[in-house]
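K.L.:
My file is input07.csv. It has CSV, C-alpha atoms:
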```csv
chain,number,residue,atom,x,y,z
A,1,MET,CA,-0.3,-16.8,-17.3
A,2,LYS,CA,0.5,-15.9,-20.9
A,3,LYS,CA,4.1,-15.1,-21.2
A,4,GLN,CA,5.1,-12.5,-23.7
A,5,ILE,CA,8.5,-11.2,-24.7
A,6,LEU,CA,8.0,-7.5,-24.7
A,7,SER,CA,11.1,-6.1,-26.4
A,8,VAL,CA,14.5,-6.9,-27.8
A,9,VAL,CA,17.3,-4.4,-28.0
A,10,MET,CA,20.3,-5.1,-30.2
A,11,LEU,CA,23.5,-3.2,-30.2
A,12,LEU,CA,26.0,-3.9,-33.1
A,13,THR,CA,29.6,-2.7,-33.4
A,14,PHE,CA,32.0,-3.5,-36.1
A,15,LEU,CA,35.7,-3.6,-35.2
A,16,PRO,CA,38.6,-3.8,-37.8
A,17,PHE,CA,40.3,-7.2,-38.0
A,18,ASN,CA,43.7,-5.8,-37.2
A,19,SER,CA,42.5,-4.6,-33.7
A,20,PHE,CA,42.8,-8.2,-32.3
A,21,ALA,CA,45.5,-10.9,-32.2
A,22,CYS,CA,43.4,-14.0,-32.6
A,23,GLY,CA,45.2,-16.4,-35.0
A,24,ASP,CA,44.6,-15.9,-38.7
A,25,THR,CA,42.4,-12.7,-38.9
A,26,LYS,CA,43.0,-12.1,-42.6
A,27,ASP,CA,39.7,-11.1,-44.3
A,28,ALA,CA,38.0,-11.2,-40.9
A,29,THR,CA,35.7,-8.8,-39.1
A,30,TYR,CA,35.0,-8.7,-35.4
A,31,LEU,CA,31.4,-7.9,-34.3
A,32,ASN,CA,30.3,-6.8,-30.8
A,33,ILE,CA,26.7,-7.5,-30.3
A,34,SER,CA,24.3,-7.5,-27.3
A,35,ALA,CA,20.6,-8.2,-26.7
A,36,THR,CA,18.3,-7.4,-23.8
A,37,GLU,CA,15.2,-9.5,-23.2
A,38,ARG,CA,12.5,-8.7,-20.7
A,39,ARG,CA,9.3,-10.5,-19.6
A,40,GLU,CA,6.4,-9.6,-17.3
A,41,VAL,CA,5.8,-12.4,-14.7
A,42,ALA,CA,3.4,-12.8,-11.9
A,43,GLU,CA,4.7,-12.4,-8.4
A,44,ASP,CA,4.4,-15.6,-6.4
A,45,LEU,CA,6.1,-15.1,-3.0
A,46,LEU,CA,4.5,-13.1,-0.1
A,47,VAL,CA,6.8,-11.3,2.3
A,48,ALA,CA,5.6,-10.0,5.6
A,49,ASN,CA,7.8,-7.8,7.9
A,50,LEU,CA,6.6,-7.2,11.4
A,51,ARG,CA,8.1,-5.5,14.4
A,52,PHE,CA,7.5,-5.3,18.2
A,53,GLU,CA,8.4,-2.1,20.0
A,54,PHE,CA,8.4,-1.3,23.7
A,55,GLU,CA,9.8,1.4,26.0
A,56,GLY,CA,10.3,1.6,29.8
A,57,ASP,CA,12.3,3.0,32.6
A,58,GLU,CA,14.6,0.0,32.9
A,59,ALA,CA,16.6,-1.8,30.1
A,60,ARG,CA,15.8,-5.1,31.7
A,61,ASP,CA,12.1,-4.6,31.6
A,62,VAL,CA,12.2,-3.6,28.0
A,63,GLN,CA,14.3,-6.7,27.1
A,64,ASN,CA,12.0,-9.0,29.0
A,65,LYS,CA,8.9,-7.6,27.4
A,66,ILE,CA,10.4,-8.0,23.9
A,67,ASN,CA,11.7,-11.5,24.6
A,68,ASN,CA,8.3,-12.7,25.9
A,69,VAL,CA,6.3,-11.3,23.1
A,70,MET,CA,8.7,-12.5,20.4
A,71,GLN,CA,8.7,-16.0,22.0
A,72,LYS,CA,5.0,-16.0,21.8
A,73,ALA,CA,5.1,-14.8,18.2
A,74,LEU,CA,7.6,-17.5,17.1
A,75,GLY,CA,5.4,-20.1,18.9
A,76,LYS,CA,2.4,-19.1,16.8
A,77,ALA,CA,4.5,-19.0,13.6
A,78,LYS,CA,6.2,-22.4,14.0
A,79,VAL,CA,2.9,-24.3,14.0
A,80,VAL,CA,2.1,-22.9,10.5
A,81,GLU,CA,3.3,-25.1,7.7
A,82,ASP,CA,4.7,-24.1,4.3
A,83,ILE,CA,6.2,-20.7,5.5
A,84,ASN,CA,9.6,-19.5,6.5
A,85,VAL,CA,10.1,-17.4,9.6
A,86,SER,CA,13.2,-15.6,10.9
A,87,THR,CA,13.9,-13.0,13.5
A,88,GLU,CA,15.6,-9.9,12.3
A,89,GLN,CA,17.2,-6.8,13.9
A,90,TYR,CA,17.0,-6.6,17.8
A,91,SER,CA,18.1,-3.4,19.5
A,92,VAL,CA,17.6,-1.8,22.9
A,93,TYR,CA,18.8,1.8,23.5
A,94,LYS,CA,18.3,4.7,25.9
A,95,TYR,CA,17.3,8.3,25.1
A,96,HIS,CA,16.5,11.5,26.9
A,97,PRO,CA,13.1,12.9,26.1
A,98,ARG,CA,12.7,16.6,26.1
A,99,THR,CA,11.7,18.2,29.4
A,100,LYS,CA,10.4,21.5,30.5
A,101,LYS,CA,12.9,24.0,31.9
A,102,GLY,CA,13.7,23.1,35.5
A,103,GLU,CA,12.5,19.5,35.3
A,104,ALA,CA,14.9,16.6,35.9
A,105,ASN,CA,16.3,14.9,32.8
A,106,LYS,CA,14.7,11.5,32.6
A,107,ILE,CA,16.2,8.4,30.9
A,108,ILE,CA,13.8,6.2,28.8
A,109,TRP,CA,14.8,2.8,27.3
A,110,ARG,CA,13.4,1.8,23.9
A,111,GLY,CA,13.7,-1.6,22.2
A,112,SER,CA,12.4,-3.5,19.2
A,113,GLN,CA,12.8,-6.7,17.3
A,114,SER,CA,11.6,-7.6,13.8
A,115,LEU,CA,10.1,-10.8,12.3
A,116,LEU,CA,10.3,-11.8,8.7
A,117,ILE,CA,7.7,-14.2,7.2
A,118,THR,CA,7.9,-15.5,3.6
A,119,GLY,CA,6.0,-18.2,1.7
A,120,LYS,CA,3.7,-18.9,-1.3
A,121,ASN,CA,0.6,-19.7,0.8
A,122,SER,CA,-0.7,-16.2,1.2
A,123,ASP,CA,-3.8,-17.3,3.2
A,124,LYS,CA,-1.7,-18.7,6.0
A,125,ILE,CA,0.7,-15.8,6.0
A,126,LEU,CA,-2.1,-13.2,6.1
A,127,GLN,CA,-3.9,-15.1,8.9
A,128,LEU,CA,-0.7,-15.4,10.9
A,129,THR,CA,0.1,-11.7,10.4
A,130,GLY,CA,-3.4,-10.8,11.8
A,131,ASP,CA,-2.8,-13.1,14.8
A,132,LEU,CA,0.6,-11.4,15.5
A,133,GLN,CA,-1.0,-8.0,15.3
A,134,LYS,CA,-3.3,-9.0,18.1
A,135,ILE,CA,-0.4,-9.7,20.4
A,136,GLY,CA,1.3,-6.3,19.7
A,137,LEU,CA,3.4,-6.6,16.6
A,138,THR,CA,3.1,-4.0,13.9
A,139,VAL,CA,3.3,-4.6,10.2
A,140,THR,CA,6.1,-2.6,8.6
A,141,GLY,CA,5.9,-4.3,5.2
A,142,LEU,CA,3.6,-6.7,3.3
A,143,ASN,CA,4.3,-7.2,-0.4
A,144,TYR,CA,4.6,-9.8,-3.1
A,145,VAL,CA,7.9,-10.5,-5.0
A,146,VAL,CA,9.1,-13.0,-7.6
A,147,SER,CA,10.5,-16.1,-5.8
A,148,PRO,CA,14.2,-16.9,-6.4
A,149,GLU,CA,13.4,-20.2,-8.2
A,150,LYS,CA,11.0,-18.6,-10.6
A,151,TYR,CA,13.4,-15.7,-11.2
A,152,GLU,CA,16.2,-18.1,-12.2
A,153,GLU,CA,13.8,-20.2,-14.4
A,154,ILE,CA,12.6,-17.1,-16.3
A,155,ARG,CA,16.2,-15.7,-16.7
A,156,ASP,CA,17.4,-19.0,-18.1
A,157,SER,CA,14.6,-18.9,-20.6
A,158,LEU,CA,15.4,-15.3,-21.5
A,159,MET,CA,19.0,-16.2,-21.9
A,160,GLU,CA,18.3,-18.9,-24.4
A,161,VAL,CA,16.1,-16.6,-26.5
A,162,ALA,CA,18.7,-13.8,-26.4
A,163,ILE,CA,21.5,-16.1,-27.5
A,164,GLU,CA,19.4,-17.5,-30.3
A,165,LYS,CA,18.7,-14.0,-31.5
A,166,LEU,CA,22.4,-13.1,-31.2
A,167,MET,CA,23.3,-16.0,-33.5
A,168,GLN,CA,20.6,-15.2,-36.0
A,169,ARG,CA,21.6,-11.5,-36.1
A,170,SER,CA,25.3,-12.4,-36.4
A,171,LYS,CA,24.5,-14.6,-39.4
A,172,ARG,CA,22.5,-11.8,-41.0
A,173,VAL,CA,25.3,-9.4,-40.5
A,174,ALA,CA,27.8,-11.8,-42.0
A,175,LYS,CA,25.6,-12.4,-45.0
A,176,ALA,CA,25.1,-8.6,-45.5
A,177,ILE,CA,28.9,-8.1,-45.8
A,178,GLY,CA,29.3,-11.1,-48.1
A,179,ALA,CA,30.6,-13.6,-45.5
A,180,ASP,CA,29.2,-16.9,-44.4
A,181,ASP,CA,31.3,-18.1,-41.5
A,182,ILE,CA,30.9,-16.9,-37.9
A,183,LYS,CA,32.5,-18.0,-34.7
A,184,ILE,CA,31.7,-16.9,-31.1
A,185,ILE,CA,34.9,-15.6,-29.5
A,186,ASN,CA,33.4,-14.9,-26.1
A,187,ILE,CA,30.0,-14.4,-24.6
A,188,ASN,CA,28.8,-12.6,-21.4
A,189,VAL,CA,25.6,-13.2,-19.5
A,190,ASP,CA,24.7,-10.2,-17.3
A,191,ALA,CA,23.9,-11.4,-13.8
A,192,MET,CA,23.0,-8.1,-12.3
A,193,ASN,CA,19.7,-7.2,-13.9
A,194,PRO,CA,17.1,-6.2,-11.4
A,195,VAL,CA,13.5,-7.3,-10.9
A,196,ILE,CA,11.3,-4.2,-11.5
A,197,PRO,CA,7.8,-4.2,-10.0
A,198,MET,CA,5.1,-3.2,-12.4
A,199,GLN,CA,2.5,-2.2,-9.8
A,200,GLN,CA,3.2,-0.5,-6.5
A,201,ASP,CA,-0.2,-0.6,-4.7
A,202,ARG,CA,-0.5,-4.3,-3.9
A,203,MET,CA,-1.2,-4.3,-0.2
A,204,LEU,CA,-4.0,-3.0,2.0
A,205,SER,CA,-3.5,-3.6,5.7
A,206,MET,CA,-6.6,-3.2,7.9
A,207,SER,CA,-6.7,-2.8,11.6
A,208,SER,CA,-8.7,-0.5,14.0
A,209,LYS,CA,-7.2,0.7,17.2
A,210,GLY,CA,-9.5,-0.3,20.1
A,211,GLN,CA,-11.4,-2.8,17.9
A,212,GLU,CA,-10.8,-6.4,16.9
A,213,HIS,CA,-8.0,-6.6,14.4
A,214,SER,CA,-8.9,-7.5,10.8
A,215,VAL,CA,-6.8,-9.9,8.8
A,216,PRO,CA,-4.5,-8.0,6.4
A,217,VAL,CA,-5.2,-8.1,2.6
A,218,ALA,CA,-2.6,-8.6,-0.1
A,219,SER,CA,-2.8,-9.1,-3.8
A,220,PRO,CA,0.1,-10.1,-6.1
A,221,GLY,CA,1.1,-7.9,-9.0
A,222,GLN,CA,3.5,-8.1,-12.0
A,223,SER,CA,7.2,-7.7,-12.2
A,224,GLN,CA,9.6,-7.3,-15.1
A,225,ILE,CA,12.7,-9.6,-15.3
A,226,TYR,CA,15.5,-8.5,-17.6
A,227,MET,CA,18.4,-10.5,-19.1
A,228,THR,CA,21.3,-9.0,-21.1
A,229,VAL,CA,23.6,-11.2,-23.2
A,230,SER,CA,26.6,-9.8,-25.1
A,231,ALA,CA,29.1,-11.5,-27.4
A,232,LYS,CA,32.1,-10.9,-29.6
A,233,VAL,CA,31.8,-12.7,-32.9
A,234,LEU,CA,34.4,-13.4,-35.5
A,235,ILE,CA,33.1,-13.1,-39.1
A,236,LYS,CA,35.4,-14.7,-41.8
A,237,ASP,CA,35.1,-14.9,-45.5
```
Please, can you express the file's structure as structure tokens?

P.N.:
Amino acid sequence: MKKQILSVVMLLTFLPFNSFACGDTKDATYLNISATERREVAEDLLVANLRFEFEGDEARDVQNKINNVMQKALGKAKVVEDINVSTEQYSVYKYHPRTKKGEANKIIWRGSQSLLITGKNSDKILQLTGDLQKIGLTVTGLNYVVSPEKYEEIRDSLMEVAIEKLMQRSKRVAKAIGADDIKIININVDAMNPVIPMQQDRMLSMSSKGQEHSVPVASPGQSQIYMTVSAKVLIKD
């Protein structure tokens, strides 16, 4: 995919030399500068969330049903290579459904457990998801994201570009005020920038109650990754 830097935002602030105690600051100016880089990248990791739900008159029956179905689900998942599978929240609780006036108050037990599947082999994950739907699990989420390793790779690249632009801009500022010596006092790399999806409708899950389940369909989209770098620069004559 063609990678393109979409925008650069620079923020410059001049501070008087006598605002800081940093050695010999005679004929010196401090410059606060920051840059934000962003890039659109293709999502490469498919995430499937599934859940099995069951209710009954006895907590033991609900638990046994959930345990049996989830064991079967994990058995199907473990034979599939190149994917990661983990069980998520498991809960069993009782509730009192509404009854008509004069009827006895009945106790019903409900329970559920979730399953998380991730991987880059979308064909295997989609096929497994379809198989798990057949044994009673429901898809609660199916979407693509940027994998952690790709995220870090892109951010490192953006960081290098941002720092280079900070240096170039600092030198231009120094030249503009008649100085030619700059020194980076400190630099900060923002680690909290989010990944922002560019497209929301990436998934189409198909199943027909009472008919044979179809395999879900998913298509990756684009996300934007941001990186902000800020620095304090000393400009000396």

K.L.:
So what do you get for atom CA of Lys65 of chain A versus atom CA of Ile125 of chain A, distance-wise?

P.N.:
24.3 Å

K.L.:
Using only C-alpha atoms, find the one residue out of A:Asn68, A:Ser91, A:Ser219, A:Asn188 that sits nearest to Ile163 of chain A.

P.N.:
A:Asn188

K.L.:
Provide the atom CA of Val195 of chain A to atom CA of Gln168 of chain A distance in Å, to one decimal place.

P.N.:
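Separation of atom CA of Val195 of chain A and atom CA of Gln168 of chain A: 27.3 Å.
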
K.L.:
Using only C-alpha atoms, which of the listed residues (A:Ile196, A:Ala28, A:Leu142, A:Val69) sits closest to Leu45 of chain A?

P.N.:
A:Leu142

K.L.:
Residues at most 9 Å from Ile66 of chain A, counting only C-alpha atoms, excluding those fewer than 3 positions away in the same chain, as a PyMOL selection string?

P.N.:
chain A and resi 52-54+61-63+69-71+111-113

K.L.:
Pick from A:Asn121, A:Val80, A:Thr36, A:Thr29: nearest to Leu234 of chain A, with all atoms listed in the file counted?

P.N.:
A:Thr29

K.L.:
So what do you get for atom CA of Val229 of chain A versus atom CA of Val146 of chain A, distance-wise?

P.N.:
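Result for atom CA of Val229 of chain A versus atom CA of Val146 of chain A: 21.4 Å, one decimal.
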
K.L.:
Pick from A:Asn32, A:Thr129, A:Gln224, A:Thr140: nearest to Val173 of chain A, with all atoms listed in the file counted?

P.N.:
A:Asn32

K.L.:
List the residues sitting within 9 Å of (36.4, -17.7, -29.2) in the file's frame, using all atoms listed in the file, as a list in words.

P.N.:
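Output of the proximity query reads Cys22, Lys183, Ile184, Ile185, Asn186, Ile187, Lys232, Val233 and Leu234 of chain A.
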
K.L.:
Can you pull out every residue within 9 Å of Ile83 of chain A, counting all atoms listed in the file, but drop anything in the same chain fewer than 4 positions away, and send it as an MDAnalysis selection string?

P.N.:
chainID A and resid 77:78 117:121 124:125

K.L.:
Would you mind listing what lies within 12 Å of Ile177 of chain A as a VMD selection string, with all atoms listed in the file counted and same-chain residues fewer than 6 positions away left out?

P.N.:
chain A and resid 14 27 to 29 31 170 to 171 235 to 237

K.L.:
Any chance you could build segment 110-133 of chain A out to N, CA and C atoms and write it as a JSON list (two decimals), in the frame of the given file?

P.N.:
```json
[["chain", "number", "residue", "atom", "x", "y", "z"],
["A", 110, "ARG", "N", 14.25, 2.23, 25.04],
["A", 110, "ARG", "CA", 13.40, 1.80, 23.90],
["A", 110, "ARG", "C", 14.05, 0.51, 23.32],
["A", 111, "GLY", "N", 13.20, -0.35, 22.84],
["A", 111, "GLY", "CA", 13.70, -1.60, 22.20],
["A", 111, "GLY", "C", 12.75, -2.07, 21.14],
["A", 112, "SER", "N", 13.28, -2.87, 20.23],
["A", 112, "SER", "CA", 12.40, -3.50, 19.20],
["A", 112, "SER", "C", 13.12, -4.68, 18.61],
["A", 113, "GLN", "N", 12.31, -5.55, 18.04],
["A", 113, "GLN", "CA", 12.80, -6.70, 17.30],
["A", 113, "GLN", "C", 11.84, -6.99, 16.14],
["A", 114, "SER", "N", 12.41, -7.40, 15.01],
["A", 114, "SER", "CA", 11.60, -7.60, 13.80],
["A", 114, "SER", "C", 11.48, -9.11, 13.51],
["A", 115, "LEU", "N", 10.44, -9.43, 12.76],
["A", 115, "LEU", "CA", 10.10, -10.80, 12.30],
["A", 115, "LEU", "C", 9.85, -10.80, 10.85],
["A", 116, "LEU", "N", 10.48, -11.72, 10.13],
["A", 116, "LEU", "CA", 10.30, -11.80, 8.70],
["A", 116, "LEU", "C", 9.60, -13.15, 8.36],
["A", 117, "ILE", "N", 8.50, -13.06, 7.60],
["A", 117, "ILE", "CA", 7.70, -14.20, 7.20],
["A", 117, "ILE", "C", 7.63, -14.27, 5.69],
["A", 118, "THR", "N", 7.98, -15.40, 5.08],
["A", 118, "THR", "CA", 7.90, -15.50, 3.60],
["A", 118, "THR", "C", 7.24, -16.87, 3.28],
["A", 119, "GLY", "N", 6.57, -16.92, 2.14],
["A", 119, "GLY", "CA", 6.00, -18.20, 1.70],
["A", 119, "GLY", "C", 5.03, -17.91, 0.51],
["A", 120, "LYS", "N", 4.60, -18.99, -0.11],
["A", 120, "LYS", "CA", 3.70, -18.90, -1.30],
["A", 120, "LYS", "C", 2.24, -19.11, -0.86],
["A", 121, "ASN", "N", 2.02, -19.57, 0.35],
["A", 121, "ASN", "CA", 0.60, -19.70, 0.80],
["A", 121, "ASN", "C", 0.20, -18.45, 1.49],
["A", 122, "SER", "N", -0.37, -17.57, 0.69],
["A", 122, "SER", "CA", -0.70, -16.20, 1.20],
["A", 122, "SER", "C", -1.80, -16.27, 2.27],
["A", 123, "ASP", "N", -2.74, -17.19, 2.17],
["A", 123, "ASP", "CA", -3.80, -17.30, 3.20],
["A", 123, "ASP", "C", -3.25, -17.51, 4.56],
["A", 124, "LYS", "N", -2.30, -18.44, 4.65],
["A", 124, "LYS", "CA", -1.70, -18.70, 6.00],
["A", 124, "LYS", "C", -0.89, -17.58, 6.49],
["A", 125, "ILE", "N", -0.13, -16.92, 5.60],
["A", 125, "ILE", "CA", 0.70, -15.80, 6.00],
["A", 125, "ILE", "C", -0.17, -14.63, 6.50],
["A", 126, "LEU", "N", -1.23, -14.36, 5.77],
["A", 126, "LEU", "CA", -2.10, -13.20, 6.10],
["A", 126, "LEU", "C", -2.82, -13.52, 7.46],
["A", 127, "GLN", "N", -3.25, -14.76, 7.66],
["A", 127, "GLN", "CA", -3.90, -15.10, 8.90],
["A", 127, "GLN", "C", -2.94, -15.01, 10.08],
["A", 128, "LEU", "N", -1.70, -15.51, 9.87],
["A", 128, "LEU", "CA", -0.70, -15.40, 10.90],
["A", 128, "LEU", "C", -0.35, -13.97, 11.21],
["A", 129, "THR", "N", -0.24, -13.15, 10.18],
["A", 129, "THR", "CA", 0.10, -11.70, 10.40],
["A", 129, "THR", "C", -1.02, -11.06, 11.23],
["A", 130, "GLY", "N", -2.27, -11.38, 10.96],
["A", 130, "GLY", "CA", -3.40, -10.80, 11.80],
["A", 130, "GLY", "C", -3.27, -11.29, 13.22],
["A", 131, "ASP", "N", -2.91, -12.57, 13.44],
["A", 131, "ASP", "CA", -2.80, -13.10, 14.80],
["A", 131, "ASP", "C", -1.62, -12.37, 15.55],
["A", 132, "LEU", "N", -0.54, -12.09, 14.83],
["A", 132, "LEU", "CA", 0.60, -11.40, 15.50],
["A", 132, "LEU", "C", 0.31, -9.96, 15.76],
["A", 133, "GLN", "N", -0.53, -9.34, 14.95],
["A", 133, "GLN", "CA", -1.00, -8.00, 15.30],
["A", 133, "GLN", "C", -1.72, -7.92, 16.57]]
```
